[in-house]
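Structure first, commentary second.
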4 protein chains.
Amino acid sequence: MHSEEKDRWRIVLDCPDRRGVVAEASTTLSSLGATILDAQQHLDPDSGHFFMRYEIARDAHAQDVSWSEEHLKWGLQELANGRGWAVRLSEAHELPQVALLATKASHCLVDILQRWRSKELPCDIACVIANHKEMGEYAGWYGVPFHHVDFQSQTKAQAFEEVDDLLNEHNIDCTVLARFMQIMPQWMTEKREGQIINIHHSFLPGFVGARPYDQAHARGVKMIGATCHYVTADLDQGPIIEQEVIRVSHMDSPQDLRRKGKMCEREALGRGLRLHLEDRVIVHGAKTIVFH
Amino acid sequence: MHSEEKDRWRIVLDCPDRRGVVAEASTTLSSLGATILDAQQHLDPDSGHFFMRYEIARDAHAQDVSWSEEHLKWGLQELANGRGWAVRLSEAHELPQVALLATKASHCLVDILQRWRSKELPCDIACVIANHKEMGEYAGWYGVPFHHVDFQSQTKAQAFEEVDDLLNEHNIDCTVLARFMQIMPQWMTEKREGQIINIHHSFLPGFVGARPYDQAHARGVKMIGATCHYVTADLDQGPIIEQEVIRVSHMDSPQDLRRKGKMCEREALGRGLRLHLEDRVIVHGAKTIVFH
Amino acid sequence: MHSEEKDRWRIVLDCPDRRGVVAEASTTLSSLGATILDAQQHLDPDSGHFFMRYEIARDAHAQDVSWSEEHLKWGLQELANGRGWAVRLSEAHELPQVALLATKASHCLVDILQRWRSKELPCDIACVIANHKEMGEYAGWYGVPFHHVDFQSQTKAQAFEEVDDLLNEHNIDCTVLARFMQIMPQWMTEKREGQIINIHHSFLPGFVGARPYDQAHARGVKMIGATCHYVTADLDQGPIIEQEVIRVSHMDSPQDLRRKGKMCEREALGRGLRLHLEDRVIVHGAKTIVFH
Amino acid sequence: MHSEEKDRWRIVLDCPDRRGVVAEASTTLSSLGATILDAQQHLDPDSGHFFMRYEIARDAHAQDVSWSEEHLKWGLQELANGRGWAVRLSEAHELPQVALLATKASHCLVDILQRWRSKELPCDIACVIANHKEMGEYAGWYGVPFHHVDFQSQTKAQAFEEVDDLLNEHNIDCTVLARFMQIMPQWMTEKREGQIINIHHSFLPGFVGARPYDQAHARGVKMIGATCHYVTADLDQGPIIEQEVIRVSHMDSPQDLRRKGKMCEREALGRGLRLHLEDRVIVHGAKTIVFH
């Protein structure tokens, strides 16, 4: 009944709560000839902020509306402008450009490349950037451009300038730190706020900082985990998107924890990235709204 | 900002999909002076059916609307009538009457009574009905009327008539089979369709029928589970509301499985019942829509 | 084939590793007329310590051995003495005496009482001690002596002396802090080292300290948990026995987290306590060996 | 303290229960100069069968024993022969030869190849065999020989003869059906009993047979899963090694279930295969003993 993927859009709205916001948003969509496939709304009682996410399609049976994408965009902007709402419109068929940043660990990198190749991630992997050359082989397998950025023979500040230039060249919408073991400078996290996703190899806020698996082994926990979050200037403190855990025991060495933890890392990252790419995540202060 | 629990309502709508249904529903609510706290919509692509759930409150700032509950009801009925929609309106402060049916196992019974006493379940436990007298002690502790129905000295048909009379006397809205080991007659499941909730002690559809833990032990599975579902004439086939699982091993005897399985049973039942009581579950054919 | 529960024993051995320890232990058991039902051994590579747990029964077919429990005890003590091993022998039918300490929250208390009544916990619940009188009703239901210790009209030091006297009077082997909201003095945790079990309402080491559910809400985590651990002088730092987690979302208020967290708390505590009572937990420094 | 991986062995023993078996096994190991690193024993009360698994190393400090691997083998065989025990000795550094069989789905294949390359699986991947040519690219990336067996232009019986010949040529110890969509003939499952591992894309015994994700969607379950099991003549009935589950909802289409199920499939297969390769799995009738 509904139109093809290429005639689908996702809309995310964000506004101070008052009576009638759902009515205004949905009436506008209907008047523009759009039919709602999926919708979720949430009021945050602490801040009094209201969040809406719509998946819409063109109503093929609409005789009364002269449909065009420009008209849809214009209509939504009109809706938002007059009221001071934030609005985000994504065409489901226009794929965001994603860059993968890595160091030496391959499990998250390969997992995302393989999910992408299997059409499980609605994006284009535009490039892989790494501070070690080993990862180039994997990029090559999947036919993705690879850039090695040298963090040894230049300053860290210079290296990150180089990374940023590469992200610009590739028109990157979303940067994934797939176990990238370098701390980003503040100017970069601020410039690309809400666009950089990291996987932290612990169940935050437990074991912040370095070597979380060794910390977990020393503490004798019975579960370990991983956390997918947006990168902010405040290390390990960015808004959490997704988490995953797995049971461990006294028999597990730190090396066993690292091996078992890989499953959590790639699962949390794979799911978190997909949620982000489908416009299901809204950052709200230090936290996220995630419309599953 | 928002009004008290006593001024909150839940609305569930169910209609064939077409453009504008969200707009019509939300515009109606706004015009009736209601503000939306939480909303979810879902289109089932197979059947082309559209489902909506709203949590609303009276907008205390509305000067333009003369508010009354009767007016709200009337307005929603108007909305639904003209369009052939199904509508369900629940006042959040009007507690459904729940009956618990049990046999000899106490873990689900005590768990629900304790959740209810701790104000975790939005309902009144109106009575406990059992085919064994042992459960009377637990009902007594929690101050709930207890009825023993004798399934030995009368026919099963007569016994179920007696159960049904008791449900009528207590004006029961929802009947929970808390490990009630008697198969309900078809007339009763049909009369109370969508109102009887069972906990099956297996991860359905695995191990249908009797003694599922012994079946699981014989098969050597590595996880067992429990399933909370609506009761239909077709045994173990009713629409599933919630499921839970737990890991087991070769060291577990059938008795160990029964003990471990209890956790799954009471968790799946406790969560499933709460979802039902909050009007989050919509039966759609053999399946459920569950708005978490 | 095997003898009844009353002829079963559990043996836990703990020694520096060297070749032949399993051979010596199992040969001794065999020569004493015991047959092994279940056994687990573990070498901790960091400390070079070796741990053994045996479940044994009298071999009813042994013609060559004149069996007596005294002889078994003597033989094991001989084994351990000469070698400087630590040994612990428990008769499976001799139930440890357990005290439950509570404040106002009932979910963990009722859960343990109900598991105990259902014969799921191999112990006697000797008494309930609380710093609020409300919990007396639950103790009464289950026929367990209740002691109210007043933490208001006397000093905390005096109150804990009173608690300790009660534990002595009841010959308590294991003290369970079932959401007991008072910090134990150091002398008490040291005197009863490895005998006091606490349930912490967070997935440690995340959210140490007060109000962990509010901390979790503020941080926006996607899972919450609970931790069952031995109490040491170092608050929230004792060796971890068991942990449990559950998924949460942006829709959950701090109150929802508290409600959902209860499941984790009682599960982690119920499982952890059972592991302890079955002599499956060995404290080794800041960590535990848990033979499932 | 302990010797290198190359001086480690794994021993699995399997015998009718009687007093003294642990003593005899461990005394023999000690007399042969072996020190026990890890040991587990289990008595199956139904069959009266006893199972033992030891991880051992040469005791470097043993002055009294003239060590050789031949001597170890001879000693263990002596132990077993006289008593009618089954014994299995594996050198931890001698890697089993593994063949991967695939059709068109790549997720399990790539996952195992990547785990193997990351040294997470103690085996050699000797070859990939597939009834479609697409999988050849992945084998090529990882430098593994690829064989395409044509199931179209010859009979199925002929094709399986070809597969069997390839397994022989590569001296395969363990065959992994990584989503291989062909039913093996009985002669092959019997010839390689306990050596063929399959991943079934459902939480068995739910949804046996074809298209389990479509079955799961039709039934409206709230969790789906995957099952790693040994292949026997009885389809989907072989002894279960490992299982994994994930939550799903009414929003998931059959295609979503397939995507989410992939995580369960590769996790259950990856973990199950590792357990098998580390000699942690003992088949006992229709079930398995798994020493984690």
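Chain identifiers are assigned as A, B, and so on, following the order in which chains appear in the structure tokens; residues are numbered from 1 within each chain, and ligands are numbered from 1 in order of appearance.
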- Message: List the spatial neighbours of C:Asp14 as an MDAnalysis selection string - criterion: any atom at most 10 Å away, only C-alpha atoms, same-chain residues fewer than 5 positions off excluded.
- Response: chainID C and resid 41:43 49:53 80 84:88 282 284
Just-selected residues, C-alpha atoms written as a PDB file, in the first residue's frame:
```pdb
ATOM      1  CA  GLN C  41      38.847 -27.058  41.302  1.00  0.00           C
ATOM      2  CA  HIS C  42      40.372 -23.751  40.353  1.00  0.00           C
ATOM      3  CA  LEU C  43      43.899 -22.389  40.311  1.00  0.00           C
ATOM      4  CA  HIS C  49      46.350 -20.437  45.228  1.00  0.00           C
ATOM      5  CA  PHE C  50      44.305 -23.591  44.596  1.00  0.00           C
ATOM      6  CA  PHE C  51      40.619 -23.986  45.499  1.00  0.00           C
ATOM      7  CA  MET C  52      38.552 -27.172  45.687  1.00  0.00           C
ATOM      8  CA  ARG C  53      34.889 -27.841  46.382  1.00  0.00           C
ATOM      9  CA  ALA C  80      44.541 -30.237  56.207  1.00  0.00           C
ATOM     10  CA  GLY C  84      48.600 -26.082  56.229  1.00  0.00           C
ATOM     11  CA  TRP C  85      45.391 -26.186  54.171  1.00  0.00           C
ATOM     12  CA  ALA C  86      42.190 -24.435  55.092  1.00  0.00           C
ATOM     13  CA  VAL C  87      39.252 -26.842  55.209  1.00  0.00           C
ATOM     14  CA  ARG C  88      35.515 -26.331  55.695  1.00  0.00           C
ATOM     15  CA  ILE C 282      35.181 -18.620  48.565  1.00  0.00           C
ATOM     16  CA  HIS C 284      39.976 -14.637  48.026  1.00  0.00           C
TER      17      HIS C 284
END
```
- Please, which residues of stretch 66-158 of chain B, numbered as in this document, come out strand (DSSP E) from DSSP, as number ranges by chain? B: 86-91, 97-102, 124-130, 146-148
Write the selection just made, keeping N, CA and C atoms, as a short mmCIF file (atom, residue, chain, number, x, y, z; two decimals), in the first residue's frame?
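Heads up, here's the output in selection.cif:
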```cif
data_model
loop_
_atom_site.label_atom_id
_atom_site.label_comp_id
_atom_site.auth_asym_id
_atom_site.auth_seq_id
_atom_site.Cartn_x
_atom_site.Cartn_y
_atom_site.Cartn_z
N ALA B 86 -12.36 1.87 16.90
CA ALA B 86 -12.53 1.35 18.25
C ALA B 86 -11.82 2.28 19.20
N VAL B 87 -12.48 2.61 20.31
CA VAL B 87 -11.87 3.52 21.27
C VAL B 87 -12.03 2.97 22.68
N ARG B 88 -11.01 3.17 23.50
CA ARG B 88 -11.02 2.71 24.89
C ARG B 88 -10.48 3.85 25.72
N LEU B 89 -11.26 4.27 26.72
CA LEU B 89 -10.82 5.38 27.58
C LEU B 89 -10.75 4.89 29.01
N SER B 90 -9.60 5.03 29.64
CA SER B 90 -9.45 4.61 31.04
C SER B 90 -9.01 5.79 31.88
N GLU B 91 -9.68 5.98 33.00
CA GLU B 91 -9.20 6.98 33.95
C GLU B 91 -8.10 6.33 34.76
N GLN B 97 -10.60 -4.11 38.64
CA GLN B 97 -10.74 -5.17 39.63
C GLN B 97 -10.12 -6.46 39.09
N VAL B 98 -9.19 -7.00 39.85
CA VAL B 98 -8.44 -8.18 39.41
C VAL B 98 -8.72 -9.36 40.33
N ALA B 99 -8.94 -10.53 39.71
CA ALA B 99 -9.04 -11.78 40.48
C ALA B 99 -7.82 -12.64 40.20
N LEU B 100 -7.30 -13.28 41.23
CA LEU B 100 -6.16 -14.18 41.07
C LEU B 100 -6.65 -15.62 41.25
N LEU B 101 -6.38 -16.47 40.26
CA LEU B 101 -6.73 -17.89 40.36
C LEU B 101 -5.46 -18.70 40.57
N ALA B 102 -5.51 -19.59 41.55
CA ALA B 102 -4.31 -20.36 41.87
C ALA B 102 -4.65 -21.80 42.20
N ASP B 124 -7.02 -3.09 41.81
CA ASP B 124 -7.44 -3.66 43.09
C ASP B 124 -7.43 -5.17 42.96
N ILE B 125 -6.82 -5.86 43.91
CA ILE B 125 -6.95 -7.31 43.93
C ILE B 125 -8.24 -7.61 44.68
N ALA B 126 -9.27 -7.98 43.95
CA ALA B 126 -10.59 -8.10 44.54
C ALA B 126 -10.77 -9.44 45.25
N CYS B 127 -10.11 -10.49 44.77
CA CYS B 127 -10.26 -11.80 45.42
C CYS B 127 -9.22 -12.78 44.90
N VAL B 128 -9.00 -13.82 45.72
CA VAL B 128 -8.20 -14.97 45.30
C VAL B 128 -9.14 -16.17 45.25
N ILE B 129 -9.10 -16.88 44.13
CA ILE B 129 -9.92 -18.08 43.98
C ILE B 129 -8.98 -19.25 43.73
N ALA B 130 -9.17 -20.36 44.43
CA ALA B 130 -8.25 -21.49 44.26
C ALA B 130 -8.99 -22.81 44.37
N PHE B 146 -10.96 -14.70 50.04
CA PHE B 146 -10.52 -15.96 49.44
C PHE B 146 -11.71 -16.87 49.20
N HIS B 147 -11.74 -17.48 48.02
CA HIS B 147 -12.81 -18.44 47.71
C HIS B 147 -12.21 -19.76 47.27
N HIS B 148 -12.58 -20.81 47.97
CA HIS B 148 -12.15 -22.14 47.55
C HIS B 148 -13.24 -22.74 46.67
#
```
- Message: Would you pick out the contacts of B:Met181 at 9 Å or less, using only C-alpha atoms, so that residues sharing its chain but fewer than 5 positions from it are not included, and give the list as a PyMOL selection string?
- Response: chain B and resi 102-104+131
Sorted by chain and rising residue number, which residues of chain C lie within 10 Å of chain A, and what are their closest atom pairs and distances in Å to one decimal, counting only C-alpha atoms, as a Markdown table?
```
| residue | atom | partner | partner_atom | distance |
| --- | --- | --- | --- | --- |
| C:His42 | CA | A:Met251 | CA | 7.7 |
| C:Leu43 | CA | A:Met251 | CA | 8.7 |
| C:Asp44 | CA | A:Met251 | CA | 8.1 |
| C:Pro45 | CA | A:Ser253 | CA | 8.9 |
| C:Asp46 | CA | A:Ser253 | CA | 9.5 |
| C:Phe203 | CA | A:Gly206 | CA | 8.2 |
| C:Leu204 | CA | A:Gly206 | CA | 7.0 |
| C:Pro205 | CA | A:Gly206 | CA | 5.2 |
| C:Gly206 | CA | A:Gly206 | CA | 4.2 |
| C:Phe207 | CA | A:Pro205 | CA | 7.3 |
| C:Val208 | CA | A:Gly206 | CA | 9.5 |
| C:Ala216 | CA | A:Pro205 | CA | 9.0 |
| C:His217 | CA | A:Lys287 | CA | 9.0 |
| C:Ala218 | CA | A:Lys287 | CA | 7.8 |
| C:Arg219 | CA | A:Lys287 | CA | 6.6 |
| C:Gly220 | CA | A:Lys287 | CA | 5.0 |
| C:Val221 | CA | A:Ile240 | CA | 6.3 |
| C:Lys222 | CA | A:Gln243 | CA | 6.0 |
| C:Met223 | CA | A:Gln243 | CA | 7.0 |
| C:Thr227 | CA | A:Val221 | CA | 9.0 |
| C:Gln237 | CA | A:Arg219 | CA | 8.5 |
| C:Gly238 | CA | A:Arg219 | CA | 9.3 |
| C:Pro239 | CA | A:Gly220 | CA | 7.2 |
| C:Ile240 | CA | A:Val221 | CA | 6.3 |
| C:Ile241 | CA | A:Lys222 | CA | 7.5 |
| C:Glu242 | CA | A:Lys222 | CA | 6.1 |
| C:Gln243 | CA | A:Lys222 | CA | 6.0 |
| C:Glu244 | CA | A:Met223 | CA | 8.2 |
| C:Val245 | CA | A:Val245 | CA | 8.4 |
| C:Arg247 | CA | A:Gln243 | CA | 9.0 |
| C:Ser249 | CA | A:Val290 | CA | 7.6 |
| C:His250 | CA | A:Ile289 | CA | 5.5 |
| C:Met251 | CA | A:His42 | CA | 7.7 |
| C:Ser253 | CA | A:Pro45 | CA | 8.9 |
| C:Gly285 | CA | A:Gly220 | CA | 10.0 |
| C:Ala286 | CA | A:Arg219 | CA | 6.9 |
| C:Lys287 | CA | A:Gly220 | CA | 5.0 |
| C:Thr288 | CA | A:Gly220 | CA | 6.9 |
| C:Ile289 | CA | A:His250 | CA | 5.5 |
| C:Val290 | CA | A:His250 | CA | 6.9 |
| C:Phe291 | CA | A:His250 | CA | 8.9 |
| C:His292 | CA | A:Ser249 | CA | 9.7 |
```
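Look at C:Thr189: the protein and nucleic acid residues within 9 Å of it, using only C-alpha atoms and passing over chain neighbours fewer than 4 places away, are Met184, Pro185, Glu193, Gly194, Gln195, Ile196, Val231, Thr232 and Ala233 of chain C.
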- Fewer than 4 positions away in the same chain doesn't count, so skip those; otherwise give me all residues within 6 Å of C:Asp59, counting only C-alpha atoms, as a VMD selection string. chain C and resid 33 to 35
Written selection (N, CA and C atoms) as a compact mmCIF listing (two decimals), in the first residue's frame:
```txt
# COMPACT_ATOMS: atom_id res chain seq x y z
N GLY C 33 35.69 -43.59 52.73
CA GLY C 33 34.41 -44.19 52.35
C GLY C 33 33.45 -43.24 51.68
N ALA C 34 33.96 -42.10 51.21
CA ALA C 34 33.10 -41.10 50.59
C ALA C 34 33.16 -41.19 49.07
N THR C 35 32.03 -41.02 48.44
CA THR C 35 32.01 -40.98 46.98
C THR C 35 31.70 -39.55 46.55
```
- Note on the structure: One decimal place gives the atom CA of B:Leu177-atom CA of C:Gly225 separation as 29.3 Å
- Task: Pick out the residues sitting within 10 Å of A:Ile246, and hand them over as a VMD selection string; count only C-alpha atoms, and ignore anything fewer than 6 positions along from it in its own chain.
- Result: chain A and resid 222 to 226 257 260 to 261 263 to 264
- Near C:Gly20, counting only C-alpha atoms, which residues have an atom at most 8 Å away, once you skip same-chain residues fewer than 5 positions from it, shown as a PyMOL selection string? chain D and resi 26-27+30+35-36
- Item | Distance in Å - atom CA of C:Leu273 versus atom CA of C:Leu29 |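 Atom-to-atom, atom CA of C:Leu273 and atom CA of C:Leu29 are spaced 27.6 Å apart.
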- Task: Extract the full set of helix (DSSP H, G or I) residues from stretch 97-281 of chain D according to DSSP on the backbone, and format it as a PyMOL selection string.
- Result: chain D and resi 107-117+133-141+156-169+186-191+212-219+254-277
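Counting from atom CA of D:Cys123, the distance to atom CA of D:Leu95 is 4.6 Å.
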- Find, counting only C-alpha atoms, the residue in B:Glu162, B:Glu265, B:Asp38, B:Glu278 that gets nearest to B:Asp150.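 Ranked by minimum distance to B:Asp150, first place goes to B:Glu162.
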